[in-house]
Amino acid sequence: MRRMMAAFVALMLLASPAAYAVQPDEIMSDPVKEGRARELSRELRCMVCQNQSIDDSDAPLARDLRLLVRERIAAGDSNSQVLDFLVARYGEFVLLKPRFERQTLLLWLLAPVLLIGGGLALWLQIRRRSRSGADVPAPPLTPDEEARLAALMSDDAKSS
Amino acid sequence: MIAESGHYALVLALGLALIQSIVPLIGARLRDAALMSVARSTALAQLLFVGASFVALVMLHVNSDFSVANVYENSHSMKPLIYKITGVWGNHEGSMLLWVSILALFGGLVAAFGNNLPLSLRAHVLAVQAWIASAFYLFILVTSNPFLRIVNPPIEGRDLNPVLQDIGLAVHPPMLYLGYVGFSISFSFAIAALMEGRIDAAWARWVRPWTLVAWIFLTLGIAMGSYWAYYELGWGGWWFWDPVENASLMPWLAGTALLHSALVMEKRNALKVWTILLSILTFSLSLLGTFLVRSGVITSVHAFATDPTRGVFILLILCLFIGGSLSLFAGRATSLKQGGLFAPISREGALVLNNLLLTVACAVVLFGTLYPLAMEMLADFKMSVGAPFYNLTFAPLFALLLLAVPFGPMLAWKRGDLLGVTQRLLAAGVASLVTVAIVWGWVRGGSALAPLAIGLGVFVIAGAVTDLVERTGLVRLPFATVLHRARGLPRSAWGTAFAHAGLGVALIGIVCETTWNSEYIATMKQNEVAHIAGYDVKLDGLFQRQGPNYREMIAEFNVSRDGAMLSVMTPSKRSFTTRGSSTTEAALLTRGASQLYISLGDATAEGAIAVRIYHKPLVLLIWWGPVLMAFGGVLSLSDRRLRVGAPKPARAKPRLQPAE
């Protein structure tokens, strides 16, 4: 089922004149700059695809964006300047890693809050319950139970 | 006639499901054993009819009966037989039919093998199964009927999407569904327990094998899908944090938590309420996954709005079952008695930590998947959540989890000795640190993260081994005694060790692949040689070939290392005429656990071709890990304790037995 959806998207992509994720002619001559471009590409969304980065996508738009990123890098932009430039153009939608701001507060804080809050609550509850349980000593065994226990133990010893 | 018979069988199955939804419950209320036993017959008959319906659709596809819309849209007379069969579930209608078939299969299995269940519990469980089944039969019959005819039958079909014409389609969806739908059993058990107001350790013992079966299939299904994407989509990615992937990962995370909490409940009679809640949540997440994928809401909110029939129908099912079960839970949970006590540092405590981390990880994935949808609808704010987000949030949670994994099985129940366990894990810790040092020295510098993560993987594996060594007394006892003890060790202990080691293996694979993956992207001419990771890859030439329903362009590469010829690799590009689309068939060369991966781009006018060559070190470990985990699951499933089943309550026998 999962792949069916991906395949559906792939179908749309493949149906368009075939291009390919990072093409040989796009690669920058400076390996350091190319490395930065690849790194940035992985954080940018191909907006006509389903949740694919422009580094993975073979859609024409992704190619345009990859070239744009390289153009900005060649022009001397820093990584954050490139991202700012693209956000100004296409909106936050283009970022696969959402920025930490008012609208995304809940998303980013979810894991730490749940983990710390949940952990604390569980710790306190388990400790309280085990304390309150420990205060009540188990009643001593009746002679009957003692006899059964002894029988069980000797059975066990024989069988093993 | 076949189409009509299949359609009719499906309607009959719906009728049976409706009877099974109501009659056994009336029987349970009246304490009438005959009425309660109806569930058993209807569940088996349902399996028969849905099975017939499914077989009918398979026959239509095999016969290429293009008067049926579903066959016309997804098949082609020239398609190889295997893809005619797998094409049955390579589309919406057929895959929903597979979904209900598997649901009926699980219902039938409970009916057939649930003889050791108390009669009223079985009646309740099967009734709940029938509610789910009725809802989905209705969904298929009303919105997604695969048996509809076309008035003027076309001569030829439109063929199956080429990407799906792969052996992966034969295995991946059925596996995934066996996992997804398998969790419906623990859901039904949970609802039955809430309705009966009775739950004990025996309940957990009945539920655990079903959960385990579902979990094994889901684990293999996800791994299989990931490997399929890896070799089929042509850029060597194996996990994309795509919403559709997340839809299968969420039930897996919750299901893994459920397996562990059911263990606590079975052994120690604690965490009852939580286990019930997890059973409900796990299946709810399976339903949510079905909704997300089937409604099209993920591709775009607007696609959902333009053709909302299916989406709204599944959304209704979703609200009904999740809302209903959670309300029932809220109303009844307090009446369930809390069981065994334990100190924070104990086996139970470790399993609670496991549950906390898995649940938070699951919540992160859930939020990451739904947050953009919610923001777009509520705040008109378009945003994306992709891999970089999950790498920052999900990965640390899993790192914490893995760090704790070796400690869990070694802690004692009720009250554990953390210091003692740490001392016993000393060897594993040293092995892990030595690995970190070696890897760090070997790569000289670079990020410290990768060596540390590999060390963590080694720690998890060594921890699993340590546990086995301790239990069998290897090293300190004579060999004969060790063998004797190894044989006497419960299978579930072996299962735990294998499953946990599998996690470590997968982690090492993931880290190696992502950190030391090398790639070569260029346009190559004939006889040109690419050098990558010590291999020399020479392009020998390009040629064309005609397949059954496609044409393909094959490139032949000669791979050698240090002058010694290793292998010939032949990646290709296939063009499917009917759909006018193409697929890339990557060529893989496996060396140990590492792979060389070649896929083709476009050919240029001068006879050169764009080529991507990857060397992926230890990449296969990513999938060997889940296979080990599933193997651990199978071992655990074969444990005597689960095969024998729980003892029946003695006093229920005299009254209920004669009526059977």
# chains A, B, ... in the order shown; residues from 1 in each chain; ligands from 1
$ closest_atom_pairs --of "chain B" --to "chain A" --cutoff "6 Å" --atoms "only C-alpha atoms" --output "tab-separated table"
residue	atom	partner	partner_atom	distance
B:Pro173	CA	A:Met1	CA	5.8
B:Asp242	CA	A:Asn51	CA	5.9
B:Val244	CA	A:Arg2	CA	4.9
B:Glu245	CA	A:Arg2	CA	5.7
B:Leu341	CA	A:Ser130	CA	5.6
B:Phe342	CA	A:Ser130	CA	5.6
B:Ala343	CA	A:Ser130	CA	5.6
B:Pro344	CA	A:Ile126	CA	6.0
B:Lys382	CA	A:Phe93	CA	5.3
B:Met383	CA	A:Phe93	CA	4.0
B:Ser384	CA	A:Leu96	CA	5.2
B:Val385	CA	A:Leu96	CA	5.0
B:Gly386	CA	A:Leu96	CA	4.5
B:Pro388	CA	A:Lys97	CA	5.3
B:Phe389	CA	A:Lys97	CA	4.8
B:Ile521	CA	A:Pro24	CA	5.7
B:Ala522	CA	A:Pro24	CA	4.7
B:Ser581	CA	A:Ala15	CA	5.2
$ closest_residue --among "B:Ile613, B:Ile26, B:Ala462, B:Leu566" --to "Met524 (chain B)" --atoms "only C-alpha atoms"
B:Ile613
$ select_by_dssp --residues "region 339-524 of chain B" --states "strand (DSSP E or B)" --output "list in words"
Ser518, Glu519, Tyr520, Ile521, Ala522, Thr523 and Met524 of chain B
$ write_last_selection --atoms "N, CA and C atoms" --output "PDB file, in the first residue's frame"
ATOM      1  N   SER B 518      29.717   6.124  -1.180  1.00  0.00           N
ATOM      2  CA  SER B 518      30.398   6.952  -2.184  1.00  0.00           C
ATOM      3  C   SER B 518      29.621   6.891  -3.485  1.00  0.00           C
ATOM      4  N   GLU B 519      29.662   7.976  -4.240  1.00  0.00           N
ATOM      5  CA  GLU B 519      28.910   7.975  -5.487  1.00  0.00           C
ATOM      6  C   GLU B 519      29.719   8.583  -6.612  1.00  0.00           C
ATOM      7  N   TYR B 520      29.358   8.165  -7.805  1.00  0.00           N
ATOM      8  CA  TYR B 520      30.026   8.636  -9.002  1.00  0.00           C
ATOM      9  C   TYR B 520      28.922   8.967  -9.985  1.00  0.00           C
ATOM     10  N   ILE B 521      28.797  10.250 -10.327  1.00  0.00           N
ATOM     11  CA  ILE B 521      27.741  10.649 -11.254  1.00  0.00           C
ATOM     12  C   ILE B 521      28.402  11.284 -12.464  1.00  0.00           C
ATOM     13  N   ALA B 522      28.206  10.714 -13.638  1.00  0.00           N
ATOM     14  CA  ALA B 522      28.833  11.286 -14.820  1.00  0.00           C
ATOM     15  C   ALA B 522      28.174  10.749 -16.074  1.00  0.00           C
ATOM     16  N   THR B 523      28.482  11.382 -17.190  1.00  0.00           N
ATOM     17  CA  THR B 523      28.068  10.851 -18.475  1.00  0.00           C
ATOM     18  C   THR B 523      29.219  10.005 -18.992  1.00  0.00           C
ATOM     19  N   MET B 524      28.951   8.730 -19.262  1.00  0.00           N
ATOM     20  CA  MET B 524      30.034   7.835 -19.672  1.00  0.00           C
ATOM     21  C   MET B 524      29.895   7.442 -21.131  1.00  0.00           C
TER      22      MET B 524
END
$ closest_atom_pairs --of "region 138-182 of chain B" --to "region 73-87 of chain B" --cutoff "8 Å" --atoms "only C-alpha atoms" --output "JSON lines"
{"residue": "B:Glu156", "atom": "CA", "partner": "B:His76", "partner_atom": "CA", "distance": 6.4}
{"residue": "B:Gly157", "atom": "CA", "partner": "B:His76", "partner_atom": "CA", "distance": 4.6}
{"residue": "B:Arg158", "atom": "CA", "partner": "B:Glu73", "partner_atom": "CA", "distance": 5.2}
{"residue": "B:Asp159", "atom": "CA", "partner": "B:Ser75", "partner_atom": "CA", "distance": 4.1}
{"residue": "B:Leu160", "atom": "CA", "partner": "B:Asn74", "partner_atom": "CA", "distance": 4.5}
{"residue": "B:Asn161", "atom": "CA", "partner": "B:Asn74", "partner_atom": "CA", "distance": 7.4}
{"residue": "B:Leu164", "atom": "CA", "partner": "B:Gly87", "partner_atom": "CA", "distance": 8.0}
{"residue": "B:Gln165", "atom": "CA", "partner": "B:Tyr83", "partner_atom": "CA", "distance": 6.0}
{"residue": "B:Asp166", "atom": "CA", "partner": "B:Tyr83", "partner_atom": "CA", "distance": 7.4}
{"residue": "B:Leu169", "atom": "CA", "partner": "B:Thr86", "partner_atom": "CA", "distance": 6.3}
{"residue": "B:Ala170", "atom": "CA", "partner": "B:Thr86", "partner_atom": "CA", "distance": 5.2}
$ residues_around --residues "region 187-193 of chain B" --least-positions-apart "6" --cutoff "8 Å" --atoms "only C-alpha atoms" --output "NGL selection string"
:B and (121 or 124-126 or 128-129 or 199 or 207 or 276-277 or 279-280 or 282-283 or 325 or 328)
$ closest_residue --among "A:Glu34, A:Glu101, A:Asp84, A:Asp144" --to "Leu67 (chain A)" --atoms "only C-alpha atoms"
A:Glu34
$ atom_distance --atom1 "CA of Leu44 (chain B)" --atom2 "CA of His7 (chain B)"
18.6 Å
$ residues_around --residues "region 18-22 of chain B" --least-positions-apart "3" --cutoff "8 Å" --atoms "only C-alpha atoms" --output "NGL selection string"
:B and (14-15 or 25-26 or 38-39 or 42-43 or 126-131 or 134)
$ write_last_selection --atoms "N, CA and C atoms" --output "tab-separated table (two decimals), in the first residue's frame"
chain	number	residue	atom	x	y	z
B	14	LEU	N	-20.78	-9.87	3.69
B	14	LEU	CA	-21.28	-8.74	4.49
B	14	LEU	C	-22.45	-9.19	5.35
B	15	GLY	N	-23.37	-9.96	4.74
B	15	GLY	CA	-24.52	-10.47	5.50
B	15	GLY	C	-24.06	-11.28	6.71
B	25	LEU	N	-23.16	-11.44	20.60
B	25	LEU	CA	-23.26	-10.54	21.76
B	25	LEU	C	-24.55	-10.79	22.52
B	26	ILE	N	-25.64	-11.02	21.75
B	26	ILE	CA	-26.90	-11.37	22.40
B	26	ILE	C	-26.71	-12.67	23.20
B	38	VAL	N	-22.41	-19.25	17.36
B	38	VAL	CA	-22.69	-18.81	15.98
B	38	VAL	C	-21.47	-18.11	15.39
B	39	ALA	N	-20.79	-17.34	16.24
B	39	ALA	CA	-19.66	-16.55	15.77
B	39	ALA	C	-18.63	-17.42	15.07
B	42	THR	N	-19.96	-18.40	11.55
B	42	THR	CA	-20.02	-17.28	10.62
B	42	THR	C	-18.61	-16.80	10.24
B	43	ALA	N	-17.69	-16.84	11.21
B	43	ALA	CA	-16.33	-16.39	10.90
B	43	ALA	C	-15.71	-17.28	9.84
B	126	LEU	N	-14.85	-12.23	18.28
B	126	LEU	CA	-15.29	-12.41	16.89
B	126	LEU	C	-16.34	-11.38	16.50
B	127	ALA	N	-17.17	-10.97	17.46
B	127	ALA	CA	-18.17	-9.93	17.16
B	127	ALA	C	-17.46	-8.62	16.79
B	128	VAL	N	-16.43	-8.27	17.57
B	128	VAL	CA	-15.71	-7.02	17.27
B	128	VAL	C	-15.03	-7.13	15.90
B	129	GLN	N	-14.44	-8.31	15.63
B	129	GLN	CA	-13.84	-8.52	14.30
B	129	GLN	C	-14.90	-8.26	13.21
B	130	ALA	N	-16.12	-8.74	13.47
B	130	ALA	CA	-17.18	-8.61	12.47
B	130	ALA	C	-17.59	-7.15	12.28
B	131	TRP	N	-17.52	-6.34	13.36
B	131	TRP	CA	-17.82	-4.90	13.19
B	131	TRP	C	-16.86	-4.29	12.18
B	134	SER	N	-17.58	-5.65	8.69
B	134	SER	CA	-18.80	-5.08	8.08
B	134	SER	C	-18.50	-3.70	7.51
$ residues_around --residues "Gly51 (chain B)" --least-positions-apart "3" --cutoff "10 Å" --atoms "only C-alpha atoms" --output "number ranges by chain"
B: 6, 9-10, 13, 45-48, 54-57, 97-98, 100-102, 104-105
$ residues_around --residues "region 402-416 of chain B" --least-positions-apart "6" --cutoff "9 Å" --atoms "only C-alpha atoms" --output "PyMOL selection string"
chain B and resi 268+340-351+353-354+422+424-425+456-457+459-464+466-467+493+496-497+500+503-504
$ atom_distance --atom1 "CA of Gly76 (chain A)" --atom2 "CA of Ser41 (chain A)"
16.6 Å
$ select_by_dssp --residues "region 51-108 of chain A" --states "alpha helix (DSSP H)" --output "tab-separated table (two decimals) with C-alpha atoms, in the first residue's frame"
chain	number	residue	atom	x	y	z
A	60	PRO	CA	12.12	19.26	-13.86
A	61	LEU	CA	11.28	21.70	-11.06
A	62	ALA	CA	13.74	19.95	-8.77
A	63	ARG	CA	16.42	20.40	-11.40
A	64	ASP	CA	15.62	24.11	-11.65
A	65	LEU	CA	15.90	24.42	-7.88
A	66	ARG	CA	19.18	22.49	-7.80
A	67	LEU	CA	20.60	24.84	-10.42
A	68	LEU	CA	19.29	27.83	-8.48
A	69	VAL	CA	20.96	26.61	-5.29
A	70	ARG	CA	24.26	26.19	-7.15
A	71	GLU	CA	23.87	29.62	-8.72
A	72	ARG	CA	23.46	31.21	-5.28
A	73	ILE	CA	26.43	29.28	-3.90
A	74	ALA	CA	28.55	30.33	-6.86
A	79	ASN	CA	24.03	28.25	3.38
A	80	SER	CA	21.52	30.22	5.45
A	81	GLN	CA	21.41	32.98	2.83
A	82	VAL	CA	20.53	30.40	0.18
A	83	LEU	CA	17.74	29.05	2.37
A	84	ASP	CA	16.48	32.56	3.12
A	85	PHE	CA	16.44	33.33	-0.57
A	86	LEU	CA	14.39	30.23	-1.37
A	87	VAL	CA	11.98	30.78	1.53
A	88	ALA	CA	11.42	34.35	0.38
A	89	ARG	CA	10.57	32.99	-3.05
A	90	TYR	CA	8.60	29.84	-2.29
A	105	LEU	CA	6.58	25.30	18.32
A	106	LEU	CA	4.35	22.32	19.13
A	107	LEU	CA	6.02	20.13	16.52
A	108	TRP	CA	9.54	20.75	17.76
$ atom_distance --atom1 "CA of Trp440 (chain B)" --atom2 "CA of Ile508 (chain B)"
14.4 Å
